Amino acid sequence: MTEQIQQLFTSIAPKYDLLNTLLSFGQHKRWRNKGVSYLKNQKKVLDLCAGTLSMTMALLEINPSAEVTAVDFSQEMLDEGLRRHPTLKKGGRGGFSTVCADFFKFDAQPSFFDGMMCAYGMRNLDDNQAALRKIHQLLSPKGRLVILEFFRPDNWVMQLFHSTYAQFVIPPLGRLISRHPHAYEHLRDSVRGFYTIDEYCHLLQENGFEVKVVKRLTGGISGLIVAEKK
């Protein structure tokens, strides 16, 4: 990940959850809960691009015995998550740890995790093919990967909605609340340059995964993919 993107997320950490609530029309909690429901039986889970730990917290609500490792490249985002979820900081839920690291430099034993999840972070990785190879290496056989993401729209209705919303709503609202002039222009631009959900499923299959679940959430605003390591 570039230093510029890292600095961007560091700068918006205190307002990140509020912005996500507004920009998702209040749906992001429901999307998170849907995603973690596919990991309710996993024992060792890596939360990739963990941000303010919302996915970690949602998972531990339904799977309190899970050992979760939350990895993010912004210490400020992780610290904000610990402030918002004090039971995590006190060790009150599961086996939990945070690691501030670039995922490509994150070190763990092969096949260590039986579950991995990434909510709206795959777009921020420099090389998704390389990232999927590393995820495949870290997952145990039949290990499960859950991805929530803003994929590039693949039908004209959503393309029209996204282009209008991304151009005229996301950047001004992001600037107003986060006080960062370019905060959510990155979201707009990264979605435009990302995969469609079908393209991403194909990428997963090319890198040793079997796609089990594909869902377009809230009319396709967000996408959910569940895949297993072959």
# chains A, B, ... in the order shown; residues from 1 in each chain; ligands from 1
$ residues_around --residues "region 70-82 of chain A" --least-positions-apart "4" --cutoff "12 Å" --atoms "only C-alpha atoms" --output "PyMOL selection string"
chain A and resi 1-17+44-57+59+86-91+95-108+116-119+121-122+124-125
$ select_by_dssp --residues "region 4-223 of chain A" --states "alpha helix (DSSP H)" --output "count of residues only"
100
$ atom_distance --atom1 "CA of Ser190 (chain A)" --atom2 "CA of Ile221 (chain A)"
14.4 Å
$ select_by_dssp --residues "region 2-197 of chain A" --states "strand (DSSP E)" --output "PyMOL selection string"
chain A and resi 44-48+67-72+95-100+113-119+139-149
$ write_last_selection --atoms "N, CA and C atoms" --output "CSV table (one decimal), in the first residue's frame"
chain,number,residue,atom,x,y,z
A,44,LYS,N,-9.5,-19.9,14.3
A,44,LYS,CA,-8.4,-18.9,14.2
A,44,LYS,C,-8.7,-18.0,13.0
A,45,VAL,N,-8.9,-16.8,13.2
A,45,VAL,CA,-9.4,-15.9,12.1
A,45,VAL,C,-8.5,-14.7,12.0
A,46,LEU,N,-8.1,-14.3,10.8
A,46,LEU,CA,-7.4,-13.1,10.5
A,46,LEU,C,-8.3,-12.1,9.9
A,47,ASP,N,-8.4,-10.9,10.5
A,47,ASP,CA,-9.1,-9.8,10.0
A,47,ASP,C,-8.2,-8.9,9.3
A,48,LEU,N,-8.2,-9.0,7.9
A,48,LEU,CA,-7.3,-8.2,7.1
A,48,LEU,C,-7.8,-6.8,6.8
A,67,GLU,N,-10.2,-17.0,18.0
A,67,GLU,CA,-8.9,-16.3,18.2
A,67,GLU,C,-8.7,-15.4,17.0
A,68,VAL,N,-8.8,-14.1,17.2
A,68,VAL,CA,-8.8,-13.2,16.1
A,68,VAL,C,-7.5,-12.4,16.1
A,69,THR,N,-6.8,-12.3,14.9
A,69,THR,CA,-5.7,-11.5,14.7
A,69,THR,C,-6.1,-10.4,13.7
A,70,ALA,N,-6.1,-9.1,14.2
A,70,ALA,CA,-6.5,-8.0,13.4
A,70,ALA,C,-5.3,-7.3,12.9
A,71,VAL,N,-5.2,-7.2,11.5
A,71,VAL,CA,-4.0,-6.6,10.9
A,71,VAL,C,-4.4,-5.4,10.1
A,72,ASP,N,-3.7,-4.3,10.3
A,72,ASP,CA,-4.0,-3.1,9.5
A,72,ASP,C,-2.7,-2.3,9.5
A,95,GLY,N,-9.6,-14.8,22.1
A,95,GLY,CA,-8.1,-14.6,22.0
A,95,GLY,C,-8.0,-13.5,20.9
A,96,PHE,N,-7.5,-12.3,21.3
A,96,PHE,CA,-7.5,-11.2,20.4
A,96,PHE,C,-6.1,-10.5,20.4
A,97,SER,N,-5.7,-10.1,19.2
A,97,SER,CA,-4.4,-9.3,19.1
A,97,SER,C,-4.5,-8.5,17.9
A,98,THR,N,-3.8,-7.3,17.9
A,98,THR,CA,-3.7,-6.5,16.8
A,98,THR,C,-2.2,-6.4,16.3
A,99,VAL,N,-2.1,-6.3,15.0
A,99,VAL,CA,-0.8,-6.2,14.4
A,99,VAL,C,-0.8,-5.0,13.4
A,100,CYS,N,0.1,-4.0,13.6
A,100,CYS,CA,0.2,-2.9,12.6
A,100,CYS,C,1.2,-3.3,11.6
A,113,PHE,N,-4.4,-20.1,9.8
A,113,PHE,CA,-5.8,-19.6,10.0
A,113,PHE,C,-6.8,-20.5,9.3
A,114,ASP,N,-7.9,-20.8,9.9
A,114,ASP,CA,-9.0,-21.5,9.2
A,114,ASP,C,-10.1,-20.5,8.7
A,115,GLY,N,-9.9,-19.2,9.0
A,115,GLY,CA,-10.8,-18.2,8.5
A,115,GLY,C,-10.1,-16.9,8.3
A,116,MET,N,-10.4,-16.2,7.2
A,116,MET,CA,-9.9,-14.8,7.0
A,116,MET,C,-11.1,-14.0,6.5
A,117,MET,N,-11.0,-12.7,6.8
A,117,MET,CA,-12.1,-11.8,6.4
A,117,MET,C,-11.4,-10.4,6.1
A,118,CYS,N,-12.0,-9.8,5.1
A,118,CYS,CA,-11.6,-8.5,4.7
A,118,CYS,C,-12.8,-7.6,4.3
A,119,ALA,N,-13.0,-6.5,5.0
A,119,ALA,CA,-14.1,-5.7,4.7
A,119,ALA,C,-13.6,-4.4,4.1
A,139,LEU,N,-4.1,-19.8,4.8
A,139,LEU,CA,-5.3,-20.5,5.2
A,139,LEU,C,-5.0,-22.0,5.2
A,140,SER,N,-5.7,-22.7,6.2
A,140,SER,CA,-5.6,-24.1,6.2
A,140,SER,C,-6.5,-24.7,5.1
A,141,PRO,N,-6.3,-26.0,4.7
A,141,PRO,CA,-7.1,-26.6,3.7
A,141,PRO,C,-8.6,-26.5,4.1
A,142,LYS,N,-9.4,-26.1,3.1
A,142,LYS,CA,-10.8,-25.8,3.3
A,142,LYS,C,-11.1,-24.6,4.2
A,143,GLY,N,-10.0,-23.8,4.4
A,143,GLY,CA,-10.2,-22.6,5.2
A,143,GLY,C,-11.0,-21.6,4.4
A,144,ARG,N,-11.7,-20.8,5.1
A,144,ARG,CA,-12.8,-19.9,4.5
A,144,ARG,C,-12.3,-18.4,4.4
A,145,LEU,N,-12.6,-17.8,3.3
A,145,LEU,CA,-12.3,-16.4,3.1
A,145,LEU,C,-13.6,-15.6,2.8
A,146,VAL,N,-13.8,-14.6,3.6
A,146,VAL,CA,-15.0,-13.7,3.4
A,146,VAL,C,-14.6,-12.3,3.0
A,147,ILE,N,-15.1,-11.9,1.9
A,147,ILE,CA,-14.7,-10.6,1.4
A,147,ILE,C,-16.0,-9.7,1.2
A,148,LEU,N,-16.0,-8.6,1.9
A,148,LEU,CA,-17.0,-7.5,1.6
A,148,LEU,C,-16.3,-6.4,0.9
A,149,GLU,N,-16.9,-5.9,-0.2
A,149,GLU,CA,-16.2,-4.9,-1.0
A,149,GLU,C,-17.2,-4.1,-1.8
$ closest_residue --among "A:Phe150, A:Arg30, A:Gly35, A:Lys230" --to "Val213 (chain A)" --atoms "only C-alpha atoms"
A:Gly35
$ closest_residue --among "A:Arg188, A:Thr218, A:Gln159, A:Arg152" --to "Pro171 (chain A)" --atoms "only C-alpha atoms"
A:Arg188
$ closest_residue --among "A:Gln205, A:Gln27, A:Thr196, A:Asn33" --to "Phe151 (chain A)" --atoms "only C-alpha atoms"
A:Thr196
$ atom_distance --atom1 "CA of Leu217 (chain A)" --atom2 "CA of Cys201 (chain A)"
15.8 Å
$ closest_residue --among "A:Ser222, A:Asn207, A:Ser163, A:Asn155" --to "Ser24 (chain A)" --atoms "only C-alpha atoms"
A:Ser222
$ closest_residue --among "A:Met158, A:Val191, A:Leu173, A:Ala130" --to "Glu206 (chain A)" --atoms "only C-alpha atoms"
A:Ala130
$ atom_distance --atom1 "CA of Val211 (chain A)" --atom2 "CA of Asp127 (chain A)"
19.8 Å
